[in-house]
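Report on one structure; see the data block that follows.
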Amino acid sequence: MRKCKVFVGNSHPELGRLVCGRLGIEPAPCTLKKFANGETSVQIGVSVRDEDVYVIQSGSPTINDHIMELLILVSACRGGSAKKITAVIPQFPYSKQSKMKKHRGAITARMLANLLVMAGADHVVSMDLHASQMQGFFSKPVDNLYGGPSLARWIRENVPDYENAVVVSKNAGGTKRVTALADSLKINFAMIHTDRRRSKDLYSQNKDLKQLKLRKQSMLRKNRPIVRPGDNPDEEENIILTNGIQTARIRNGHVIGDDEIDDIEVEVAMESDEDDLSLAATDSHAFALGGTYDAVDSEDDEDEGPSQVPKEKLITLVGNVQGRAAIILDDMIDRPSSFISAAEHLVQNCGAKRVYVVATHGIFTGNCLEELEKCQYIHQIIVTNTYPIPVAHLQSCKKLVVIDVSPIFAECIRRDHYGESISVLFDSLATL
């Protein structure tokens, strides 16, 4: 590739070397170091005048230092009269902070987008942004590549009887991502909803066997099978609408039994009532403009830390995974509690045979990977290599599977350099 330079930052050098190896070039020489006072220093070791420059820098545990490194490297290339500068950021940092959840909050992802543009980036390439609307934060072109085709190919090749599996979203915010993967695999999907506000009275109402039986009979009378022509002339497709809802209780991040009652529940109920009163009292002024309860109980939020009184929540599955493999899909695996509680509910209460946890970005904050490894209800953990995973974790975790997505970024860089369309990378892996 003539008139093209690829610089690799310190956040994920392994991915950068894989991308350069696919392109058949060596990473452009540059010196990245820190002074004794903590300042970042960047020195480019080759001329970039009138050339296409690609800077590969992903998220990492020391994210703030590497963001500054990326900005300085882009600025140095701009000062070196580069023709075009493309920031390749496989896992975009601060992507969870892409909306204002409360007053006096900051939309940090938009600020980072402004910093990249001001530093001199002409083009940004990322993969599976936490919110696709983040592309609007940039005044420059953004290509949001998809990890879904790579994940779908792994599922086809490694999940037994995947045709009968069910793709599960662990929160309402991920349903669009789940339905896209389910459509590509031509399988069913389901959704898990975790509610912090509903009282146990509703849970007891749902567990009333007589009432459930009457409700199911009513639903079966109303929802008769719909017969319509299939894909082939001799085929017919039956669509059966059912009210498949299973509800359970979560305490301390784990599903508990129906009959588990102790003194803590009284405190939990009292605290729940107080929370409901406080939410009702502050509804008009406590949330962001145009916000609702979703701004507080967002899919991005999990338990921040241990509290004095264990809060109890209700977890509900909408769908049917009985006797099937369940594939929990999300864009990133950051903290373990929501995945563990979802896996426990799917196996213990909903009859799933196996549970696969699938995501594009494996961040694994703290002891997240160890907790997922210890969970007996999780069969395998599948992520891509957009985020650096320590070698010790790769060797110690037997359930972890890492998919290489460097061919996607390499092909994107090649097509962008030669002015070819990259839309094929959004749908298929046939060109890789």
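Simple scheme: letters A, B, ... for chains in structure tokens order, numbers from 1 for residues in each chain, numbers from 1 for ligands in the order shown.
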
- Query: Leaving out stretch 159-172 of chain A and any residue of its chain fewer than 6 positions from it, which residues lie within 7 Å of it when counting only C-alpha atoms, given as a PyMOL selection string?
  - Reply: chain A and resi 178+182+187-193+299+321+324-329+342

Secondary structure check, alpha helix (DSSP H) residues of stretch 108-197 of chain A, as a tab-separated table (two decimals) with N, CA and C atoms, in the first residue's frame:
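Output file out-v8.tsv is given in full below:
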```tsv
chain	number	residue	atom	x	y	z
A	108	THR	N	-19.92	12.87	28.05
A	108	THR	CA	-18.48	12.79	27.85
A	108	THR	C	-18.11	12.27	26.48
A	109	ALA	N	-18.92	11.37	25.92
A	109	ALA	CA	-18.61	10.84	24.59
A	109	ALA	C	-18.61	11.94	23.54
A	110	ARG	N	-19.53	12.90	23.67
A	110	ARG	CA	-19.56	14.01	22.72
A	110	ARG	C	-18.32	14.90	22.89
A	111	MET	N	-17.89	15.10	24.13
A	111	MET	CA	-16.69	15.90	24.37
A	111	MET	C	-15.47	15.24	23.74
A	112	LEU	N	-15.37	13.90	23.87
A	112	LEU	CA	-14.25	13.18	23.27
A	112	LEU	C	-14.29	13.27	21.75
A	113	ALA	N	-15.49	13.23	21.18
A	113	ALA	CA	-15.61	13.39	19.73
A	113	ALA	C	-15.13	14.76	19.29
A	114	ASN	N	-15.47	15.79	20.05
A	114	ASN	CA	-15.00	17.14	19.71
A	114	ASN	C	-13.48	17.24	19.82
A	115	LEU	N	-12.91	16.59	20.83
A	115	LEU	CA	-11.45	16.61	20.99
A	115	LEU	C	-10.75	15.95	19.79
A	116	LEU	N	-11.29	14.84	19.32
A	116	LEU	CA	-10.69	14.15	18.17
A	116	LEU	C	-10.72	15.02	16.93
A	117	VAL	N	-11.85	15.68	16.70
A	117	VAL	CA	-11.97	16.53	15.52
A	117	VAL	C	-11.04	17.74	15.63
A	118	MET	N	-10.98	18.33	16.82
A	118	MET	CA	-10.09	19.49	17.01
A	118	MET	C	-8.62	19.10	16.88
A	119	ALA	N	-8.27	17.87	17.27
A	119	ALA	CA	-6.89	17.41	17.14
A	119	ALA	C	-6.48	17.25	15.69
A	148	GLY	N	-21.28	-8.27	14.63
A	148	GLY	CA	-22.32	-9.29	14.55
A	148	GLY	C	-22.03	-10.41	13.57
A	149	PRO	N	-21.56	-10.13	12.33
A	149	PRO	CA	-21.27	-11.23	11.41
A	149	PRO	C	-20.23	-12.21	11.94
A	150	SER	N	-19.19	-11.71	12.64
A	150	SER	CA	-18.18	-12.62	13.20
A	150	SER	C	-18.78	-13.46	14.32
A	151	LEU	N	-19.60	-12.84	15.16
A	151	LEU	CA	-20.25	-13.60	16.24
A	151	LEU	C	-21.23	-14.62	15.67
A	152	ALA	N	-21.96	-14.24	14.62
A	152	ALA	CA	-22.92	-15.16	14.02
A	152	ALA	C	-22.21	-16.36	13.41
A	153	ARG	N	-21.08	-16.13	12.77
A	153	ARG	CA	-20.34	-17.25	12.18
A	153	ARG	C	-19.84	-18.20	13.26
A	154	TRP	N	-19.36	-17.65	14.40
A	154	TRP	CA	-18.91	-18.53	15.48
A	154	TRP	C	-20.08	-19.34	16.03
A	155	ILE	N	-21.24	-18.73	16.16
A	155	ILE	CA	-22.41	-19.45	16.68
A	155	ILE	C	-22.80	-20.58	15.75
A	156	ARG	N	-22.80	-20.32	14.46
A	156	ARG	CA	-23.15	-21.37	13.49
A	156	ARG	C	-22.18	-22.55	13.57
A	157	GLU	N	-20.92	-22.27	13.79
A	157	GLU	CA	-19.91	-23.32	13.74
A	157	GLU	C	-19.70	-24.03	15.07
A	158	ASN	N	-20.09	-23.43	16.20
A	158	ASN	CA	-19.70	-23.99	17.49
A	158	ASN	C	-20.86	-24.26	18.45
A	175	THR	N	-32.42	-4.75	22.78
A	175	THR	CA	-33.30	-5.57	21.95
A	175	THR	C	-33.02	-5.40	20.45
A	176	LYS	N	-32.67	-4.19	20.03
A	176	LYS	CA	-32.41	-3.98	18.61
A	176	LYS	C	-31.20	-4.79	18.17
A	177	ARG	N	-30.16	-4.81	19.00
A	177	ARG	CA	-28.97	-5.59	18.70
A	177	ARG	C	-29.29	-7.08	18.65
A	178	VAL	N	-30.13	-7.53	19.57
A	178	VAL	CA	-30.48	-8.95	19.65
A	178	VAL	C	-31.32	-9.37	18.45
A	179	THR	N	-32.29	-8.56	18.08
A	179	THR	CA	-33.14	-8.92	16.94
A	179	THR	C	-32.34	-8.97	15.65
A	180	ALA	N	-31.32	-8.11	15.52
A	180	ALA	CA	-30.49	-8.13	14.31
A	180	ALA	C	-29.73	-9.45	14.21
A	181	LEU	N	-29.16	-9.92	15.34
A	181	LEU	CA	-28.44	-11.20	15.31
A	181	LEU	C	-29.40	-12.36	15.10
A	182	ALA	N	-30.57	-12.31	15.74
A	182	ALA	CA	-31.55	-13.38	15.57
A	182	ALA	C	-32.03	-13.46	14.13
A	183	ASP	N	-32.21	-12.32	13.48
A	183	ASP	CA	-32.64	-12.33	12.08
A	183	ASP	C	-31.55	-12.92	11.17
A	184	SER	N	-30.28	-12.60	11.46
A	184	SER	CA	-29.22	-13.13	10.61
A	184	SER	C	-29.07	-14.64	10.79
A	185	LEU	N	-29.34	-15.14	12.00
A	185	LEU	CA	-29.27	-16.58	12.24
A	185	LEU	C	-30.60	-17.29	11.97
```

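Comparing the minimum interatomic distances between A:Gly79 and each of A:Thr62, A:Asn320, A:Ser95, A:Ser47, counting only C-alpha atoms, we find that A:Ser47 sits nearest.
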
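In terms of minimum interatomic distance to A:Cys20, A:Val55 ranks closest within A:Lys101, A:Glu371, A:Val55, A:Arg335, counting only C-alpha atoms.
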
- Item | Top pick for closest residue to A:Gly80, considering A:Gln43, A:Gln376, A:Ser341, A:Asn10 and counting only C-alpha atoms | A:Gln43
